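Asks: Data file upload.cif (mmCIF, C-alpha atoms and all ligand atoms) is appended below.
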data_entry
loop_
_atom_site.label_atom_id
_atom_site.label_comp_id
_atom_site.auth_asym_id
_atom_site.auth_seq_id
_atom_site.Cartn_x
_atom_site.Cartn_y
_atom_site.Cartn_z
CA MET A 953 -4.52 -33.69 -37.91
CA ASP A 954 -3.85 -32.93 -41.56
CA THR A 955 -1.06 -30.39 -41.20
CA SER A 956 -1.07 -29.52 -44.87
CA SER A 957 -4.59 -28.07 -44.67
CA SER A 958 -4.96 -24.35 -45.17
CA ARG A 959 -5.86 -23.43 -41.59
CA PRO A 960 -4.79 -25.14 -38.39
CA LEU A 961 -7.24 -25.98 -35.63
CA LEU A 962 -6.53 -23.53 -32.84
CA PRO A 963 -7.74 -23.79 -29.26
CA GLN A 964 -10.93 -21.88 -28.41
CA SER A 965 -9.08 -19.88 -25.81
CA LEU A 966 -5.50 -19.47 -24.66
CA ASP A 967 -6.38 -21.08 -21.33
CA GLU A 968 -6.42 -24.46 -23.07
CA ALA A 969 -2.80 -23.86 -24.01
CA ARG A 970 -1.48 -22.84 -20.60
CA ILE A 971 1.61 -24.67 -19.34
CA PHE A 972 0.54 -25.18 -15.75
CA GLN A 973 3.91 -26.53 -14.61
CA LEU A 974 5.54 -23.15 -15.22
CA PRO A 975 5.35 -19.89 -13.27
CA ARG A 976 2.85 -17.43 -14.71
CA ALA A 977 2.51 -17.36 -17.49
CA ALA A 978 3.36 -19.55 -20.47
CA PHE A 979 1.31 -21.04 -23.31
CA TYR A 980 2.12 -23.66 -25.93
CA ILE A 981 0.21 -24.45 -29.11
CA SER A 982 1.45 -27.24 -31.36
CA GLU A 983 0.72 -26.91 -35.10
CA PHE A 984 0.10 -23.18 -34.80
CA ILE A 985 1.02 -22.89 -38.47
CA THR A 986 0.62 -25.44 -41.26
CA GLU A 987 3.40 -27.29 -43.06
CA ASP A 988 2.79 -25.12 -46.14
CA GLU A 989 3.07 -21.95 -44.07
CA GLU A 990 6.24 -23.27 -42.44
CA LYS A 991 7.75 -24.04 -45.84
CA LEU A 992 6.89 -20.58 -47.17
CA LEU A 993 8.42 -18.88 -44.13
CA LEU A 994 11.63 -20.90 -44.44
CA GLU A 995 11.82 -19.93 -48.12
CA LYS A 996 11.32 -16.24 -47.28
CA ILE A 997 14.03 -16.40 -44.63
CA ALA A 998 16.43 -18.21 -46.96
CA SER A 999 15.83 -15.76 -49.80
CA ALA A 1000 16.36 -12.61 -47.72
CA PRO A 1001 19.20 -10.46 -49.09
CA LYS A 1002 22.56 -11.59 -47.71
CA PRO A 1003 23.21 -8.43 -45.62
CA ARG A 1004 20.04 -9.27 -43.70
CA TRP A 1005 21.94 -12.06 -41.95
CA LYS A 1006 24.07 -11.22 -38.96
CA GLN A 1007 26.60 -14.02 -38.57
CA LEU A 1008 27.51 -14.71 -34.94
CA THR A 1009 30.23 -17.20 -34.09
CA ARG A 1010 27.92 -20.14 -34.03
CA ARG A 1011 24.49 -19.06 -35.15
CA ARG A 1012 23.10 -16.45 -37.48
CA LEU A 1013 20.14 -14.15 -37.18
CA GLN A 1014 17.93 -11.65 -38.97
CA THR A 1015 16.24 -8.68 -37.34
CA TRP A 1016 12.98 -7.25 -38.74
CA PRO A 1017 12.19 -4.50 -39.51
CA SER A 1018 15.66 -3.48 -38.24
CA ASP A 1019 18.19 -3.68 -35.39
CA LEU A 1020 17.45 -1.73 -32.23
CA ILE A 1021 19.62 1.31 -31.61
CA ASN A 1022 19.99 2.15 -27.90
CA ASN A 1023 16.96 -0.06 -27.24
CA LYS A 1024 14.92 1.99 -29.72
CA LEU A 1025 13.18 0.85 -32.87
CA VAL A 1026 12.89 3.07 -35.93
CA ASP A 1027 9.24 3.05 -36.87
CA ALA A 1028 8.63 0.71 -39.81
CA PRO A 1029 6.11 -2.01 -40.57
CA LEU A 1030 6.99 -5.69 -40.46
CA PRO A 1031 7.12 -7.29 -43.90
CA SER A 1032 3.80 -8.88 -44.81
CA TRP A 1033 5.20 -12.43 -44.66
CA LEU A 1034 5.97 -11.89 -40.96
CA GLU A 1035 2.54 -10.36 -40.28
CA GLU A 1036 0.46 -12.97 -42.10
CA PRO A 1037 -0.54 -15.43 -40.90
CA ILE A 1038 1.31 -15.30 -37.58
CA VAL A 1039 0.43 -11.92 -36.06
CA THR A 1040 -3.23 -12.07 -37.09
CA ARG A 1041 -3.56 -15.58 -35.71
CA LEU A 1042 -1.73 -14.67 -32.51
CA LEU A 1043 -3.99 -11.68 -31.88
CA SER A 1044 -7.07 -13.83 -32.49
CA LEU A 1045 -6.27 -15.91 -29.39
CA HIS A 1046 -7.87 -14.71 -26.18
CA LEU A 1047 -7.81 -15.61 -22.54
CA LYS A 1048 -11.17 -16.88 -21.32
CA GLU A 1049 -11.43 -14.36 -18.54
CA ASP A 1050 -10.91 -11.70 -21.20
CA VAL A 1051 -13.13 -12.97 -24.00
CA ALA A 1052 -15.71 -10.26 -23.30
CA SER A 1053 -13.15 -7.53 -23.62
CA GLN A 1054 -11.54 -9.35 -26.56
CA SER A 1055 -8.09 -9.00 -25.07
CA HIS A 1056 -5.25 -10.96 -26.60
CA ILE A 1057 -1.78 -11.57 -25.20
CA PHE A 1058 -0.44 -8.15 -26.32
CA TRP A 1059 -3.47 -6.21 -25.02
CA ASP A 1060 -1.47 -4.26 -22.42
CA SER A 1061 1.67 -3.70 -24.48
CA PRO A 1062 2.27 -0.13 -25.70
CA HIS A 1063 1.56 -0.87 -29.35
CA LYS A 1064 -0.98 -3.63 -28.69
CA ARG A 1065 0.92 -5.93 -31.05
CA PRO A 1066 4.43 -7.13 -31.80
CA ASN A 1067 6.47 -4.66 -33.84
CA HIS A 1068 9.75 -6.59 -33.98
CA VAL A 1069 10.88 -10.08 -35.01
CA LEU A 1070 14.19 -11.78 -34.38
CA ILE A 1071 14.94 -14.79 -36.54
CA ASN A 1072 17.51 -17.17 -35.07
CA GLU A 1073 18.91 -20.18 -36.92
CA TYR A 1074 20.47 -22.94 -34.82
CA PRO A 1075 22.49 -25.66 -36.55
CA PRO A 1076 22.67 -29.05 -34.73
CA GLY A 1077 24.81 -28.77 -31.59
CA ILE A 1078 24.28 -25.02 -31.24
CA GLY A 1079 22.13 -23.23 -28.66
CA ILE A 1080 22.05 -19.94 -26.83
CA MET A 1081 23.49 -19.06 -23.41
CA PRO A 1082 21.01 -18.57 -20.58
CA HIS A 1083 19.96 -14.92 -20.62
CA LYS A 1084 17.13 -12.46 -20.04
CA ASP A 1085 15.69 -10.49 -22.93
CA GLY A 1086 16.03 -7.17 -21.12
CA ALA A 1087 14.29 -3.85 -20.81
CA ALA A 1088 13.83 -2.91 -24.47
CA TYR A 1089 10.71 -5.03 -24.81
CA HIS A 1090 7.30 -5.39 -23.23
CA PRO A 1091 7.50 -8.65 -21.22
CA VAL A 1092 5.72 -10.91 -23.69
CA VAL A 1093 7.57 -13.13 -26.18
CA ALA A 1094 5.80 -15.16 -28.84
CA THR A 1095 8.06 -17.73 -30.48
CA VAL A 1096 7.21 -19.72 -33.59
CA SER A 1097 9.56 -22.64 -34.27
CA LEU A 1098 10.41 -23.91 -37.75
CA GLY A 1099 12.21 -26.93 -39.14
CA ALA A 1100 12.90 -29.10 -36.09
CA SER A 1101 12.29 -29.62 -32.37
CA ILE A 1102 14.47 -28.15 -29.65
CA CYS A 1103 14.39 -27.83 -25.85
CA LEU A 1104 14.28 -24.39 -24.27
CA ASN A 1105 15.66 -24.40 -20.72
CA ILE A 1106 14.31 -22.17 -17.97
CA HIS A 1107 16.86 -21.30 -15.28
CA GLU A 1108 16.57 -19.69 -11.87
CA MET A 1109 19.10 -17.51 -10.14
CA LYS A 1110 20.56 -18.92 -6.93
CA GLU A 1111 20.20 -16.90 -3.74
CA GLU A 1112 23.75 -15.58 -4.00
CA GLY A 1113 22.86 -14.19 -7.40
CA THR A 1114 24.61 -16.72 -9.61
CA LEU A 1115 22.94 -18.72 -12.33
CA ASN A 1116 21.66 -22.18 -11.50
CA ARG A 1117 23.17 -24.08 -14.46
CA THR A 1118 20.71 -26.93 -14.09
CA PRO A 1119 17.47 -25.84 -15.71
CA THR A 1120 14.45 -25.83 -13.44
CA TRP A 1121 12.16 -26.61 -16.36
CA ARG A 1122 12.43 -27.62 -20.00
CA ILE A 1123 9.99 -26.67 -22.73
CA LEU A 1124 10.00 -28.79 -25.88
CA GLN A 1125 9.34 -26.65 -28.93
CA GLU A 1126 8.17 -28.61 -31.96
CA PRO A 1127 8.28 -27.34 -35.53
CA ARG A 1128 5.26 -25.12 -36.33
CA SER A 1129 4.52 -24.57 -32.64
CA LEU A 1130 3.86 -21.31 -30.82
CA LEU A 1131 5.31 -20.67 -27.36
CA ILE A 1132 4.30 -17.58 -25.41
CA THR A 1133 6.21 -16.56 -22.28
CA THR A 1134 5.23 -13.58 -20.13
CA SER A 1135 5.39 -11.96 -16.69
CA ASP A 1136 7.68 -13.58 -14.13
CA LEU A 1137 9.09 -15.94 -16.73
CA TYR A 1138 10.27 -12.90 -18.65
CA THR A 1139 11.46 -10.77 -15.75
CA ASP A 1140 12.72 -13.20 -13.10
CA TYR A 1141 13.95 -16.28 -14.96
CA LEU A 1142 16.58 -16.90 -17.62
CA HIS A 1143 16.15 -18.97 -20.76
CA GLY A 1144 18.68 -20.76 -22.90
CA ILE A 1145 19.28 -23.68 -25.24
CA ASP A 1146 22.01 -26.27 -24.64
CA ASP A 1147 24.83 -26.74 -27.17
CA ILE A 1148 24.12 -30.43 -27.70
CA MET A 1149 23.57 -32.80 -30.63
CA GLU A 1150 20.46 -34.28 -29.07
CA ASP A 1151 17.99 -33.47 -26.34
CA ILE A 1152 17.71 -36.47 -24.04
CA GLU A 1153 15.54 -37.85 -21.25
CA LEU A 1154 12.41 -36.34 -22.72
CA SER A 1155 9.37 -37.51 -20.81
CA GLU A 1156 6.24 -36.40 -19.06
CA GLN A 1157 8.36 -35.94 -15.94
CA THR A 1158 11.02 -33.76 -17.52
CA VAL A 1159 9.19 -31.68 -20.12
CA ALA A 1160 6.85 -28.98 -18.78
CA ASN A 1161 4.60 -28.87 -21.85
CA TRP A 1162 4.48 -32.66 -22.44
CA SER A 1163 0.67 -32.82 -22.37
CA LEU A 1164 0.43 -30.06 -24.99
CA LEU A 1165 2.71 -31.67 -27.58
CA GLN A 1166 1.38 -32.76 -30.98
CA PRO A 1167 -0.93 -35.73 -30.55
CA GLY A 1168 1.05 -38.81 -31.51
CA SER A 1169 4.40 -37.08 -31.31
CA THR A 1170 7.09 -39.60 -30.58
CA PHE A 1171 10.52 -39.07 -29.16
CA HIS A 1172 12.16 -42.43 -29.51
CA ASP A 1173 13.97 -43.43 -26.30
CA GLY A 1174 13.16 -39.94 -25.04
CA LYS A 1175 15.61 -38.46 -27.53
CA ASN A 1176 15.42 -35.60 -29.98
CA PRO A 1177 18.39 -35.60 -32.37
CA ARG A 1178 18.91 -31.96 -33.26
CA GLN A 1179 18.43 -30.70 -36.80
CA THR A 1180 18.57 -27.12 -37.98
CA ARG A 1181 15.90 -25.22 -36.11
CA THR A 1182 14.83 -21.66 -36.86
CA SER A 1183 12.85 -19.51 -34.46
CA LEU A 1184 10.85 -16.34 -34.98
CA THR A 1185 10.56 -14.34 -31.77
CA TYR A 1186 7.86 -11.68 -31.84
CA ARG A 1187 8.05 -8.82 -29.33
CA ASP A 1188 6.79 -5.28 -28.78
CA VAL A 1189 9.70 -2.84 -28.55
CA LEU A 1190 8.64 -0.22 -26.00
CA SER A 1191 10.38 2.76 -27.54
CA VAL A 1192 9.76 3.62 -31.20
CA SER A 1193 11.10 6.69 -32.95
CA SER A 1194 9.87 8.02 -36.26
O1 LIG B 1201 15.28 -19.37 -30.30
C1 LIG B 1201 14.63 -19.24 -29.26
O2 LIG B 1201 13.60 -19.89 -29.04
C2 LIG B 1201 15.10 -18.28 -28.21
C3 LIG B 1201 15.73 -17.05 -28.78
C4 LIG B 1201 16.06 -16.06 -27.71
O3 LIG B 1201 16.08 -16.36 -26.58
C5 LIG B 1201 16.33 -14.67 -28.07
O4 LIG B 1201 16.46 -14.37 -29.26
O5 LIG B 1201 16.41 -13.84 -27.17
FE FE B 1202 15.95 -14.63 -25.34
#
Any chance you could put this one into structure tokens?
Ligand SMILES: O=C(O)CCC(=O)C(=O)O
Ligand SMILES: [Fe+2]
Replies:
Amino acid sequence: MDTSSSRPLLPQSLDEARIFQLPRAAFYISEFITEDEEKLLLEKIASAPKPRWKQLTRRRLQTWPSDLINNKLVDAPLPSWLEEPIVTRLLSLHLKEDVASQSHIFWDSPHKRPNHVLINEYPPGIGIMPHKDGAAYHPVVATVSLGASICLNIHEMKEEGTLNRTPTWRILQEPRSLLITTSDLYTDYLHGIDDIMEDIELSEQTVANWSLLQPGSTFHDGKNPRQTRTSLTYRDVLSVSS
């Protein structure tokens, strides 16, 4: 596909994007945005005023429209560059069973759309500890990846309540892709990214969304050397104050 064209080819319905290997429910769409859109977003992120960045020890992040305070969001719109094209395109995707009612992935969230975006920048070798996203959000996360590929690990808790350090599944997120995780994946499982310089042993057997990757995508020797990868995570914060 010509990824520099003005509009990407999206699946007719979200069902075509379902990752069947995972518990309900997850969806993956490669080339959800174009190369031009990716470039523009990276420029917007890079040109944000310096105080917008929160520097953690190993990665940095931006929060739009603002940080949560006691799990609450102060009512404010997202900037237009975070709304268009991503939110409009996201809300245009429907599940087949719901086409009649025109219900998209945020249909049963309180605000019927994402109202909050976290931007995380991961240099090579840096990831994020396995965690759950918690009670502040409706249990739907839409993640758009920029710049480079990375593996997201899904972990289960062991019976005694400790984390199983070996991921149960891996999801490969390519640049310009959209990943949606919901339901049990949000509430019962943890997700994280390894602190490694390359993702290895990538294959149909080890990557849950292998069949949904970009046609012709190649991971030489099953390896993905890490480069700086930026993610936009869209969520609906349950509690909003004016
Ligand atoms: O960068 C990602 O894809 C995951 C980010 C994440 O888990 C979070 O911000 O809670
Ligand atoms: Fe998270």
Asks: Would you compute the distance between CA of Leu992 (chain A) and CA of Arg1012 (chain A)? Give it in Å to one decimal.
Replies: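 Answer for the CA of Leu992 (chain A) to CA of Arg1012 (chain A) separation: 19.3 Å.
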Asks: Looking at A:Leu1104, A:Ser982, A:Asn1067, A:Leu1020, which one is nearest to Ser1169 (chain A), with distances taken over all atoms listed in the file?
Replies: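 Residue with the minimum atom-to-atom distance to Ser1169 (chain A): A:Ser982.
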Asks: For a test of reading the model, state the distance in Å between CA of Leu1025 (chain A) and CA of Val1192 (chain A), rounded to one decimal.
Replies: 4.7 Å
Asks: Between CA of Arg1122 (chain A) and CA of Met1109 (chain A), measure the distance and give it in Å to one decimal.
Replies: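 Between CA of Arg1122 (chain A) and CA of Met1109 (chain A) the gap works out to 15.6 Å.
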Asks: May I have the residues within 12 Å of Ser1129 (chain A) as an MDAnalysis selection string, using all atoms listed in the file and disregarding those fewer than 2 positions away in the same chain?
Replies: chainID A and resid 955 960 962 969 979:987 989:990 1038 1042 1094:1102 1123:1127 1131:1132 1161 1164:1166 1181:1185
Asks: A:Leu1154, A:Ile1145, A:Leu994, A:Val1039: which is nearest ligand LIG 1201 (chain B), counting all atoms listed in the file?
Replies: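 Closest to ligand LIG 1201 (chain B), using all atoms listed in the file: A:Ile1145.
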Asks: Using only C-alpha atoms, which protein or nucleic acid residues come within 10 Å of Ile1080 (chain A)? Drop anything in the same chain fewer than 6 positions from it, and give the result as JSON, numbers by chain.
Replies: {"A": [1010, 1011, 1072, 1074, 1104, 1105, 1143, 1144, 1145, 1146, 1147]}
Asks: Just the residues within 8 Å of region 1046-1050 of chain A, please, counting all atoms listed in the file, with nothing from its chain fewer than 4 positions along; format it as a PyMOL selection string.
Replies: chain A and resi 965-967+1054-1057
Asks: Select, from A:Val1069, A:Leu1142, A:Val1189, A:Leu1034, the residue with the minimum atom-to-atom distance to ligand FE 1202 (chain B), counting only C-alpha atoms and all ligand atoms.
Replies: A:Leu1142
Asks: Taking all atoms listed in the file into account, which residues have an atom no farther than 7 Å from ligand FE 1202 (chain B)? I'd like them as a list in words.
Replies: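 Based on all atoms listed in the file, ligand FE 1202 (chain B) is surrounded within 7 Å by His1083, Lys1084, Asp1085 and His1143 of chain A.
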Asks: I'd like to know which of A:Trp1121, A:Phe1171, A:Phe972, A:Tyr1138 is closest to ligand LIG 1201 (chain B), using only C-alpha atoms and all ligand atoms.
Replies: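 Once distances to ligand LIG 1201 (chain B) are computed over only C-alpha atoms and all ligand atoms, the minimum belongs to A:Tyr1138.
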Asks: Quick one: of A:Val1092, A:Ile1071, A:Leu1137, A:Ile1021, who's nearest to ligand LIG 1201 (chain B), counting all atoms listed in the file?
Replies: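 Of A:Val1092, A:Ile1071, A:Leu1137, A:Ile1021, the one nearest ligand LIG 1201 (chain B), counting all atoms listed in the file, is A:Ile1071.
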Asks: Compare A:Glu1108, A:Asp1188, A:Asp1136, A:Glu995 by their minimum atom-to-atom distance to Thr1120 (chain A), counting all atoms listed in the file, and give me the closest one.
Replies: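 Comparing A:Glu1108, A:Asp1188, A:Asp1136, A:Glu995 against Thr1120 (chain A), the winner is A:Glu1108.
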Asks: Limit the output to N, CA and C atoms and give region 958-984 of chain A as a PDB file, in the first residue's frame.
Replies:
ATOM      1  N   SER A 958      -3.266  10.110   1.069  1.00  0.00           N
ATOM      2  CA  SER A 958      -3.875  10.989   2.056  1.00  0.00           C
ATOM      3  C   SER A 958      -4.780  10.258   3.045  1.00  0.00           C
ATOM      4  N   ARG A 959      -5.307   9.109   2.647  1.00  0.00           N
ATOM      5  CA  ARG A 959      -6.170   8.357   3.556  1.00  0.00           C
ATOM      6  C   ARG A 959      -5.801   6.887   3.524  1.00  0.00           C
ATOM      7  N   PRO A 960      -5.639   6.273   4.685  1.00  0.00           N
ATOM      8  CA  PRO A 960      -5.303   4.850   4.661  1.00  0.00           C
ATOM      9  C   PRO A 960      -6.541   4.008   4.369  1.00  0.00           C
ATOM     10  N   LEU A 961      -6.315   2.783   3.934  1.00  0.00           N
ATOM     11  CA  LEU A 961      -7.410   1.845   3.713  1.00  0.00           C
ATOM     12  C   LEU A 961      -7.715   1.178   5.043  1.00  0.00           C
ATOM     13  N   LEU A 962      -8.884   1.424   5.575  1.00  0.00           N
ATOM     14  CA  LEU A 962      -9.235   0.833   6.860  1.00  0.00           C
ATOM     15  C   LEU A 962     -10.130  -0.377   6.648  1.00  0.00           C
ATOM     16  N   PRO A 963     -10.126  -1.314   7.589  1.00  0.00           N
ATOM     17  CA  PRO A 963     -11.038  -2.455   7.452  1.00  0.00           C
ATOM     18  C   PRO A 963     -12.496  -2.001   7.490  1.00  0.00           C
ATOM     19  N   GLN A 964     -13.363  -2.771   6.831  1.00  0.00           N
ATOM     20  CA  GLN A 964     -14.794  -2.463   6.794  1.00  0.00           C
ATOM     21  C   GLN A 964     -15.396  -2.452   8.195  1.00  0.00           C
ATOM     22  N   SER A 965     -14.967  -3.424   8.988  1.00  0.00           N
ATOM     23  CA  SER A 965     -15.456  -3.454  10.360  1.00  0.00           C
ATOM     24  C   SER A 965     -14.320  -3.875  11.276  1.00  0.00           C
ATOM     25  N   LEU A 966     -14.482  -3.561  12.556  1.00  0.00           N
ATOM     26  CA  LEU A 966     -13.439  -3.891  13.528  1.00  0.00           C
ATOM     27  C   LEU A 966     -13.208  -5.394  13.640  1.00  0.00           C
ATOM     28  N   ASP A 967     -14.228  -6.181  13.321  1.00  0.00           N
ATOM     29  CA  ASP A 967     -14.097  -7.635  13.436  1.00  0.00           C
ATOM     30  C   ASP A 967     -12.916  -8.170  12.632  1.00  0.00           C
ATOM     31  N   GLU A 968     -12.651  -7.500  11.490  1.00  0.00           N
ATOM     32  CA  GLU A 968     -11.520  -7.925  10.655  1.00  0.00           C
ATOM     33  C   GLU A 968     -10.193  -7.680  11.338  1.00  0.00           C
ATOM     34  N   ALA A 969     -10.204  -6.871  12.370  1.00  0.00           N
ATOM     35  CA  ALA A 969      -8.964  -6.498  13.051  1.00  0.00           C
ATOM     36  C   ALA A 969      -8.809  -7.196  14.400  1.00  0.00           C
ATOM     37  N   ARG A 970      -9.705  -8.096  14.717  1.00  0.00           N
ATOM     38  CA  ARG A 970      -9.658  -8.732  16.035  1.00  0.00           C
ATOM     39  C   ARG A 970      -8.434  -9.640  16.173  1.00  0.00           C
ATOM     40  N   ILE A 971      -7.779  -9.576  17.309  1.00  0.00           N
ATOM     41  CA  ILE A 971      -6.660 -10.480  17.596  1.00  0.00           C
ATOM     42  C   ILE A 971      -7.242 -11.686  18.325  1.00  0.00           C
ATOM     43  N   PHE A 972      -7.470 -12.755  17.582  1.00  0.00           N
ATOM     44  CA  PHE A 972      -8.203 -13.892  18.140  1.00  0.00           C
ATOM     45  C   PHE A 972      -7.418 -14.656  19.199  1.00  0.00           C
ATOM     46  N   GLN A 973      -6.081 -14.530  19.155  1.00  0.00           N
ATOM     47  CA  GLN A 973      -5.260 -15.256  20.125  1.00  0.00           C
ATOM     48  C   GLN A 973      -5.404 -14.704  21.541  1.00  0.00           C
ATOM     49  N   LEU A 974      -5.919 -13.481  21.653  1.00  0.00           N
ATOM     50  CA  LEU A 974      -5.959 -12.824  22.963  1.00  0.00           C
ATOM     51  C   LEU A 974      -7.336 -12.952  23.601  1.00  0.00           C
ATOM     52  N   PRO A 975      -7.375 -12.839  24.954  1.00  0.00           N
ATOM     53  CA  PRO A 975      -8.687 -12.795  25.611  1.00  0.00           C
ATOM     54  C   PRO A 975      -9.476 -11.600  25.076  1.00  0.00           C
ATOM     55  N   ARG A 976     -10.776 -11.623  25.234  1.00  0.00           N
ATOM     56  CA  ARG A 976     -11.593 -10.512  24.746  1.00  0.00           C
ATOM     57  C   ARG A 976     -11.233  -9.234  25.486  1.00  0.00           C
ATOM     58  N   ALA A 977     -11.050  -8.176  24.799  1.00  0.00           N
ATOM     59  CA  ALA A 977     -11.045  -8.141  23.344  1.00  0.00           C
ATOM     60  C   ALA A 977      -9.936  -7.198  22.920  1.00  0.00           C
ATOM     61  N   ALA A 978      -9.265  -7.541  21.829  1.00  0.00           N
ATOM     62  CA  ALA A 978      -8.184  -6.690  21.320  1.00  0.00           C
ATOM     63  C   ALA A 978      -8.262  -6.630  19.799  1.00  0.00           C
ATOM     64  N   PHE A 979      -7.848  -5.491  19.259  1.00  0.00           N
ATOM     65  CA  PHE A 979      -7.907  -5.247  17.814  1.00  0.00           C
ATOM     66  C   PHE A 979      -6.614  -4.578  17.380  1.00  0.00           C
ATOM     67  N   TYR A 980      -6.155  -4.917  16.176  1.00  0.00           N
ATOM     68  CA  TYR A 980      -4.917  -4.323  15.666  1.00  0.00           C
ATOM     69  C   TYR A 980      -5.106  -3.941  14.206  1.00  0.00           C
ATOM     70  N   ILE A 981      -4.799  -2.685  13.900  1.00  0.00           N
ATOM     71  CA  ILE A 981      -4.878  -2.208  12.514  1.00  0.00           C
ATOM     72  C   ILE A 981      -3.532  -1.599  12.140  1.00  0.00           C
ATOM     73  N   SER A 982      -2.844  -2.220  11.185  1.00  0.00           N
ATOM     74  CA  SER A 982      -1.579  -1.646  10.720  1.00  0.00           C
ATOM     75  C   SER A 982      -1.904  -0.470   9.802  1.00  0.00           C
ATOM     76  N   GLU A 983      -0.981   0.468   9.672  1.00  0.00           N
ATOM     77  CA  GLU A 983      -1.185   1.631   8.790  1.00  0.00           C
ATOM     78  C   GLU A 983      -2.507   2.332   9.069  1.00  0.00           C
ATOM     79  N   PHE A 984      -2.802   2.545  10.329  1.00  0.00           N
ATOM     80  CA  PHE A 984      -4.022   3.269  10.710  1.00  0.00           C
ATOM     81  C   PHE A 984      -3.901   4.751  10.339  1.00  0.00           C
TER      82      PHE A 984
END
